[in-house]
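Containing compact mmCIF, C-alpha atoms: work_0.txt.
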# COMPACT_ATOMS: atom_id res chain seq x y z
CA MET A 1248 -34.95 -31.44 26.52
CA ILE A 1249 -36.12 -32.93 23.25
CA GLY A 1250 -33.33 -34.35 21.11
CA LEU A 1251 -32.67 -36.29 17.95
CA ALA A 1252 -33.55 -39.57 19.66
CA ASP A 1253 -37.11 -38.31 20.20
CA SER A 1254 -37.93 -38.21 16.49
CA ALA A 1255 -39.95 -40.93 14.78
CA ALA A 1256 -37.12 -41.31 12.26
CA HIS A 1257 -33.87 -39.69 11.17
CA VAL A 1258 -32.88 -39.34 7.51
CA LEU A 1259 -30.07 -37.92 5.40
CA VAL A 1260 -30.94 -35.24 2.85
CA GLY A 1261 -28.95 -32.89 0.63
CA ASN A 1262 -30.25 -29.68 2.23
CA VAL A 1263 -31.84 -29.50 5.69
CA SER A 1264 -33.65 -26.24 4.84
CA ASP A 1265 -35.37 -27.85 1.84
CA PRO A 1266 -35.39 -31.59 2.61
CA VAL A 1267 -35.94 -33.86 -0.36
CA LEU A 1268 -35.84 -37.60 0.26
CA SER A 1269 -34.18 -40.13 -1.98
CA GLU A 1270 -36.50 -42.80 -3.33
CA ALA A 1271 -34.97 -45.37 -0.96
CA ASP A 1272 -35.35 -43.14 2.11
CA HIS A 1273 -38.93 -42.23 1.12
CA HIS A 1274 -39.73 -45.94 0.90
CA HIS A 1275 -38.01 -46.52 4.25
CA LEU A 1276 -40.15 -43.89 6.03
CA ALA A 1277 -43.44 -44.78 4.32
CA ARG A 1278 -43.27 -48.55 3.97
CA VAL A 1279 -40.64 -49.88 6.38
CA LEU A 1280 -40.98 -47.61 9.42
CA ARG A 1281 -44.61 -46.73 8.57
CA VAL A 1282 -44.24 -43.22 9.89
CA ARG A 1283 -47.68 -41.63 10.19
CA ALA A 1284 -48.59 -38.22 8.79
CA GLY A 1285 -47.90 -35.55 11.39
CA GLU A 1286 -45.06 -37.40 13.12
CA ARG A 1287 -41.84 -35.49 13.71
CA VAL A 1288 -38.73 -36.57 11.83
CA THR A 1289 -35.20 -35.20 11.99
CA VAL A 1290 -33.07 -34.69 8.90
CA THR A 1291 -29.35 -34.14 8.52
CA ASP A 1292 -27.02 -33.31 5.68
CA GLY A 1293 -24.36 -35.70 7.05
CA HIS A 1294 -22.03 -32.76 7.72
CA GLY A 1295 -23.39 -31.72 11.11
CA ALA A 1296 -26.49 -29.67 10.20
CA TRP A 1297 -29.85 -31.07 11.30
CA GLN A 1298 -33.48 -29.92 11.27
CA TRP A 1299 -36.88 -30.89 12.70
CA CYS A 1300 -39.47 -31.80 10.08
CA GLU A 1301 -42.93 -33.26 9.91
CA TRP A 1302 -43.79 -36.26 7.74
CA THR A 1303 -46.77 -35.27 5.58
CA GLY A 1304 -47.41 -38.76 4.29
CA THR A 1305 -45.77 -37.93 0.97
CA GLY A 1306 -42.74 -35.89 2.02
CA LEU A 1307 -41.18 -33.67 4.66
CA ARG A 1308 -42.08 -30.17 5.82
CA VAL A 1309 -39.71 -28.11 8.00
CA VAL A 1310 -41.43 -27.37 11.33
CA GLY A 1311 -38.89 -26.34 13.91
CA ASP A 1312 -35.43 -25.32 14.83
CA GLY A 1313 -32.47 -27.48 14.11
CA GLY A 1314 -28.84 -26.81 14.59
CA VAL A 1315 -25.29 -27.69 13.72
CA ARG A 1316 -23.07 -30.05 15.63
CA VAL A 1317 -19.34 -29.58 15.25
CA LEU A 1318 -17.36 -32.72 14.52
CA PRO A 1319 -15.39 -33.62 17.66
CA GLU A 1320 -11.60 -33.43 17.49
CA PRO A 1321 -9.59 -35.43 16.87
CA ALA A 1322 -11.38 -37.31 14.13
CA ILE A 1323 -11.29 -41.08 14.64
CA GLY A 1324 -10.63 -43.42 11.74
CA VAL A 1325 -10.32 -47.19 11.66
CA ALA A 1326 -8.68 -49.34 9.02
CA VAL A 1327 -10.16 -52.79 8.62
CA SER A 1328 -8.88 -55.60 6.47
CA LEU A 1329 -11.10 -57.01 3.73
CA ILE A 1330 -12.81 -60.04 5.25
CA LYS A 1331 -15.03 -62.79 3.90
CA GLY A 1332 -18.78 -62.87 3.78
CA ASP A 1333 -20.93 -60.17 5.30
CA ARG A 1334 -18.61 -59.55 8.26
CA LEU A 1335 -17.22 -56.37 6.68
CA ASP A 1336 -20.80 -55.07 6.38
CA TRP A 1337 -21.29 -55.71 10.10
CA VAL A 1338 -17.99 -53.99 10.97
CA VAL A 1339 -18.91 -50.88 8.95
CA GLN A 1340 -22.36 -50.80 10.54
CA LYS A 1341 -20.98 -51.04 14.09
CA LEU A 1342 -18.14 -48.56 13.50
CA THR A 1343 -20.71 -46.09 12.18
CA GLU A 1344 -23.01 -46.65 15.16
CA VAL A 1345 -20.23 -46.00 17.69
CA GLY A 1346 -19.24 -42.76 15.98
CA VAL A 1347 -16.12 -43.49 13.92
CA ASP A 1348 -15.46 -40.66 11.45
CA ARG A 1349 -13.53 -42.52 8.73
CA ILE A 1350 -13.48 -46.18 7.69
CA GLN A 1351 -10.56 -47.38 5.58
CA PRO A 1352 -10.86 -50.80 3.88
CA LEU A 1353 -7.39 -52.33 3.90
CA VAL A 1354 -5.90 -54.83 1.44
CA ALA A 1355 -3.78 -56.95 3.75
CA GLU A 1356 -0.89 -59.03 2.47
CA HIS A 1357 -2.30 -62.28 3.85
CA SER A 1358 -5.96 -61.52 3.27
CA VAL A 1359 -7.90 -64.16 1.37
CA VAL A 1360 -10.30 -61.55 -0.04
CA ARG A 1361 -9.12 -59.75 -3.19
CA TRP A 1362 -11.24 -57.23 -5.05
CA THR A 1363 -10.83 -56.34 -8.71
CA ALA A 1364 -11.17 -52.64 -9.53
CA ASP A 1365 -14.81 -53.09 -10.62
CA LYS A 1366 -15.68 -55.15 -7.57
CA ALA A 1367 -13.92 -52.63 -5.28
CA ARG A 1368 -16.07 -49.79 -6.65
CA ALA A 1369 -19.25 -51.79 -6.16
CA GLN A 1370 -18.27 -52.98 -2.70
CA VAL A 1371 -17.28 -49.49 -1.50
CA GLU A 1372 -20.62 -48.11 -2.73
CA ARG A 1373 -22.39 -50.90 -0.83
CA LEU A 1374 -20.38 -50.11 2.33
CA ARG A 1375 -21.28 -46.43 1.95
CA ARG A 1376 -24.98 -47.37 1.77
CA ILE A 1377 -24.54 -49.44 4.94
CA ALA A 1378 -22.87 -46.45 6.67
CA HIS A 1379 -25.75 -44.24 5.43
CA GLU A 1380 -28.37 -46.60 6.89
CA ALA A 1381 -26.45 -47.05 10.16
CA SER A 1382 -26.13 -43.26 10.48
CA MET A 1383 -29.90 -42.90 10.21
CA GLN A 1384 -30.48 -45.74 12.68
CA SER A 1385 -28.10 -44.27 15.26
CA ARG A 1386 -29.24 -40.66 14.68
CA ARG A 1387 -25.81 -39.44 13.59
CA VAL A 1388 -25.47 -35.99 12.06
CA HIS A 1389 -22.00 -36.68 10.62
CA LEU A 1390 -21.86 -39.38 7.96
CA PRO A 1391 -18.58 -41.30 8.18
CA VAL A 1392 -16.26 -41.35 5.18
CA VAL A 1393 -15.79 -44.82 3.68
CA ASP A 1394 -12.60 -44.71 1.61
CA GLU A 1395 -11.45 -46.76 -1.35
CA PRO A 1396 -9.33 -49.78 -0.35
CA VAL A 1397 -5.58 -49.24 -0.02
CA SER A 1398 -2.64 -51.45 0.85
CA ALA A 1399 -1.26 -51.54 4.37
CA ALA A 1400 1.90 -49.78 3.20
CA GLN A 1401 -0.14 -46.95 1.62
CA PHE A 1402 -2.21 -46.60 4.77
CA LEU A 1403 0.75 -46.60 7.15
CA ALA A 1404 2.38 -43.84 5.11
CA LEU A 1405 -0.53 -41.47 5.82
CA PRO A 1406 0.04 -38.73 8.42
CA GLY A 1407 -1.54 -39.29 11.83
CA VAL A 1408 -1.81 -43.08 11.57
CA VAL A 1409 -1.43 -44.78 14.95
CA ARG A 1410 -0.72 -48.50 14.92
CA ALA A 1411 -2.47 -50.75 17.40
CA ASP A 1412 0.16 -53.50 17.39
CA LEU A 1413 2.76 -52.60 20.01
CA GLY A 1414 5.54 -54.72 18.51
CA ALA A 1415 5.51 -52.75 15.28
CA ALA A 1416 8.58 -51.29 13.62
CA SER A 1417 6.80 -47.96 13.28
CA TRP A 1418 5.60 -45.90 16.25
CA SER A 1419 3.77 -42.62 16.30
CA THR A 1420 4.22 -39.84 18.80
CA ALA A 1421 0.67 -40.41 20.03
CA LEU A 1422 1.38 -44.07 20.74
CA ALA A 1423 4.61 -43.26 22.58
CA ILE A 1424 2.71 -40.79 24.80
CA THR A 1425 -0.08 -43.34 25.37
CA LEU A 1426 2.50 -45.86 26.57
CA GLY A 1427 3.48 -43.48 29.32
CA GLY A 1428 6.57 -41.71 28.12
CA ALA A 1429 7.31 -38.40 26.61
CA PRO A 1430 8.11 -38.73 22.94
CA SER A 1431 11.78 -39.04 22.25
CA ALA A 1432 13.92 -39.66 19.19
CA THR A 1433 14.22 -43.34 20.14
CA ALA A 1434 10.50 -43.85 20.88
CA VAL A 1435 9.31 -42.32 17.64
CA ARG A 1436 10.57 -44.36 14.70
CA HIS A 1437 9.40 -44.35 11.13
CA ARG A 1438 9.56 -47.07 8.49
CA ALA A 1439 12.37 -46.72 6.02
Represent the structure of the file as structure tokens.
Amino acid sequence: MIGLADSAAHVLVGNVSDPVLSEADHHHLARVLRVRAGERVTVTDGHGAWQWCEWTGTGLRVVGDGGVRVLPEPAIGVAVSLIKGDRLDWVVQKLTEVGVDRIQPLVAEHSVVRWTADKARAQVERLRRIAHEASMQSRRVHLPVVDEPVSAAQFLALPGVVRADLGAASWSTALAITLGGAPSATAVRHRA
């Protein structure tokens, strides 16, 4: 069976039925990947819809059936502290490649990295571009959400957050079940 991995390239577009490439993605296909006219390319809208196309040398032409892939449940999100250098770029790239659905930059109390509001906007846009590129590279049809940075307290107050540190003051029902017990009033505690 022919699948997404069999295409010469995979790109994100606004509408899979009428695929129009961004200038950056056009450059990527034509100049970086050097896709030849007539080669098959897959496109996705980043929300699960995908379509087979043919690279004409100047753009894309729809040539075959595509489909829609439903986002698996439950959605998986990961919060990651702001870290120095390009390590956060690498983390976002790898989380995207392994299929994480949501990436939450986290302003940790002891983190050395601090972003001003302007820098946060620019950095989040850069991280979203990295997730975009990693989605194309890994042939994903669901683009992960990269959120604006929040504090640890704001993040822990969100519903459905499961903490990875077992010595935490706050436990979720899911963590209590994972540890082998049925949830009980004493196993499920919330921060005051």
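Between CA of Ser1328 in chain A and CA of Asp1272 in chain A the separation is 29.6 Å.
Picture a line from CA of Glu1356 in chain A to CA of Ser1398 in chain A; it runs 7.9 Å.
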Rank nothing, just name the residue among A:Gln1384, A:Thr1305, A:Thr1363, A:Gln1298 nearest to Ala1284 in chain A, using all atoms listed in the file. A:Thr1305
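Atom pair CA of Ser1254 in chain A / CA of Glu1301 in chain A has a distance of 9.6 Å (rounded to one decimal).
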Return the single residue from A:Val1258, A:Val1310, A:Ala1252, A:Ala1364 that is closest to Val1290 in chain A, with distances computed using all atoms listed in the file. A:Val1258
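When all atoms listed in the file are used to measure the gap to Glu1380 in chain A, the shortest distance among A:Val1279, A:Leu1353, A:Val1392, A:Leu1259 belongs to A:Leu1259.
For the set A:Arg1376, A:Arg1387, A:His1257, A:Arg1368, the residue with the smallest atom-to-atom gap to Asp1348 in chain A is A:Arg1387, counting all atoms listed in the file.
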Shell around Glu1344 in chain A at 12 Å using only C-alpha atoms, local window under 5 positions removed, as a list in words: Trp1337, Val1338, Val1339, Ile1377, Ala1378, His1379, Glu1380, Ala1381, Ser1382, Met1383, Gln1384, Ser1385, Arg1386, Arg1387, Val1388, His1389, Leu1390 and Pro1391 of chain A
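If all atoms listed in the file are the atoms counted, then among A:Ala1367, A:Val1260, A:Glu1320, A:Asp1312 the closest residue to Gly1293 in chain A is A:Val1260.
Proximity to Pro1352 in chain A was assessed for A:Asp1292, A:Asp1336, A:Asp1365, A:Asp1394 counting only C-alpha atoms; the smallest distance is recorded for A:Asp1394.
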Complete the atom set of range 1284-1315 of chain A to N, CA and C atoms and return it as an mmCIF file, in the frame of the given file.
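Result went into result_12.cif, see below:
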data_model
loop_
_atom_site.group_PDB
_atom_site.id
_atom_site.type_symbol
_atom_site.label_atom_id
_atom_site.label_comp_id
_atom_site.auth_asym_id
_atom_site.auth_seq_id
_atom_site.Cartn_x
_atom_site.Cartn_y
_atom_site.Cartn_z
ATOM 1 N N ALA A 1284 -48.514 -39.647 9.091
ATOM 2 C CA ALA A 1284 -48.590 -38.220 8.790
ATOM 3 C C ALA A 1284 -48.697 -37.441 10.092
ATOM 4 N N GLY A 1285 -47.904 -36.377 10.200
ATOM 5 C CA GLY A 1285 -47.900 -35.550 11.390
ATOM 6 C C GLY A 1285 -46.789 -35.890 12.379
ATOM 7 N N GLU A 1286 -46.144 -37.042 12.205
ATOM 8 C CA GLU A 1286 -45.060 -37.400 13.120
ATOM 9 C C GLU A 1286 -43.810 -36.589 12.797
ATOM 10 N N ARG A 1287 -43.052 -36.289 13.858
ATOM 11 C CA ARG A 1287 -41.840 -35.490 13.710
ATOM 12 C C ARG A 1287 -40.660 -36.372 13.332
ATOM 13 N N VAL A 1288 -39.902 -35.879 12.379
ATOM 14 C CA VAL A 1288 -38.730 -36.570 11.830
ATOM 15 C C VAL A 1288 -37.574 -35.586 11.859
ATOM 16 N N THR A 1289 -36.371 -36.067 12.103
ATOM 17 C CA THR A 1289 -35.200 -35.200 11.990
ATOM 18 C C THR A 1289 -34.466 -35.544 10.703
ATOM 19 N N VAL A 1290 -33.874 -34.515 10.106
ATOM 20 C CA VAL A 1290 -33.070 -34.690 8.900
ATOM 21 C C VAL A 1290 -31.683 -34.127 9.151
ATOM 22 N N THR A 1291 -30.709 -34.649 8.454
ATOM 23 C CA THR A 1291 -29.350 -34.140 8.520
ATOM 24 C C THR A 1291 -28.735 -34.164 7.138
ATOM 25 N N ASP A 1292 -27.746 -33.307 6.956
ATOM 26 C CA ASP A 1292 -27.020 -33.310 5.680
ATOM 27 C C ASP A 1292 -25.779 -34.197 5.743
ATOM 28 N N GLY A 1293 -25.535 -34.831 6.887
ATOM 29 C CA GLY A 1293 -24.360 -35.700 7.050
ATOM 30 C C GLY A 1293 -23.087 -34.940 7.356
ATOM 31 N N HIS A 1294 -23.189 -33.605 7.427
ATOM 32 C CA HIS A 1294 -22.030 -32.760 7.720
ATOM 33 C C HIS A 1294 -22.212 -31.961 9.004
ATOM 34 N N GLY A 1295 -23.177 -32.356 9.819
ATOM 35 C CA GLY A 1295 -23.390 -31.720 11.110
ATOM 36 C C GLY A 1295 -24.673 -30.922 11.243
ATOM 37 N N ALA A 1296 -25.238 -30.440 10.137
ATOM 38 C CA ALA A 1296 -26.490 -29.670 10.200
ATOM 39 C C ALA A 1296 -27.659 -30.634 10.327
ATOM 40 N N TRP A 1297 -28.641 -30.261 11.153
ATOM 41 C CA TRP A 1297 -29.850 -31.070 11.300
ATOM 42 C C TRP A 1297 -31.060 -30.159 11.477
ATOM 43 N N GLN A 1298 -32.246 -30.718 11.265
ATOM 44 C CA GLN A 1298 -33.480 -29.920 11.270
ATOM 45 C C GLN A 1298 -34.661 -30.794 11.667
ATOM 46 N N TRP A 1299 -35.615 -30.213 12.407
ATOM 47 C CA TRP A 1299 -36.880 -30.890 12.700
ATOM 48 C C TRP A 1299 -37.821 -30.734 11.504
ATOM 49 N N CYS A 1300 -38.482 -31.815 11.157
ATOM 50 C CA CYS A 1300 -39.470 -31.800 10.080
ATOM 51 C C CYS A 1300 -40.691 -32.590 10.510
ATOM 52 N N GLU A 1301 -41.728 -32.475 9.708
ATOM 53 C CA GLU A 1301 -42.930 -33.260 9.910
ATOM 54 C C GLU A 1301 -43.154 -34.108 8.661
ATOM 55 N N TRP A 1302 -43.462 -35.372 8.852
ATOM 56 C CA TRP A 1302 -43.790 -36.260 7.740
ATOM 57 C C TRP A 1302 -45.229 -35.967 7.327
ATOM 58 N N THR A 1303 -45.431 -35.617 6.070
ATOM 59 C CA THR A 1303 -46.770 -35.270 5.580
ATOM 60 C C THR A 1303 -47.522 -36.473 5.027
ATOM 61 N N GLY A 1304 -46.838 -37.579 4.921
ATOM 62 C CA GLY A 1304 -47.410 -38.760 4.290
ATOM 63 C C GLY A 1304 -46.842 -38.965 2.907
ATOM 64 N N THR A 1305 -46.390 -37.854 2.298
ATOM 65 C CA THR A 1305 -45.770 -37.930 0.970
ATOM 66 C C THR A 1305 -44.377 -37.310 0.949
ATOM 67 N N GLY A 1306 -44.042 -36.550 1.972
ATOM 68 C CA GLY A 1306 -42.740 -35.890 2.020
ATOM 69 C C GLY A 1306 -42.507 -35.239 3.369
ATOM 70 N N LEU A 1307 -41.551 -34.332 3.418
ATOM 71 C CA LEU A 1307 -41.180 -33.670 4.660
ATOM 72 C C LEU A 1307 -41.455 -32.177 4.581
ATOM 73 N N ARG A 1308 -41.863 -31.610 5.707
ATOM 74 C CA ARG A 1308 -42.080 -30.170 5.820
ATOM 75 C C ARG A 1308 -41.311 -29.695 7.048
ATOM 76 N N VAL A 1309 -40.484 -28.660 6.895
ATOM 77 C CA VAL A 1309 -39.710 -28.110 8.000
ATOM 78 C C VAL A 1309 -40.676 -27.498 9.013
ATOM 79 N N VAL A 1310 -40.499 -27.856 10.306
ATOM 80 C CA VAL A 1310 -41.430 -27.370 11.330
ATOM 81 C C VAL A 1310 -40.760 -26.762 12.555
ATOM 82 N N GLY A 1311 -39.490 -26.868 12.696
ATOM 83 C CA GLY A 1311 -38.890 -26.340 13.910
ATOM 84 C C GLY A 1311 -37.421 -26.039 13.738
ATOM 85 N N ASP A 1312 -36.846 -25.638 14.838
ATOM 86 C CA ASP A 1312 -35.430 -25.320 14.830
ATOM 87 C C ASP A 1312 -34.576 -26.575 14.761
ATOM 88 N N GLY A 1313 -33.454 -26.421 14.166
ATOM 89 C CA GLY A 1313 -32.470 -27.480 14.110
ATOM 90 C C GLY A 1313 -31.188 -26.957 14.710
ATOM 91 N N GLY A 1314 -30.111 -27.288 14.096
ATOM 92 C CA GLY A 1314 -28.840 -26.810 14.590
ATOM 93 C C GLY A 1314 -27.690 -27.392 13.803
ATOM 94 N N VAL A 1315 -26.512 -27.140 14.310
ATOM 95 C CA VAL A 1315 -25.290 -27.690 13.720
ATOM 96 C C VAL A 1315 -24.446 -28.240 14.848
#
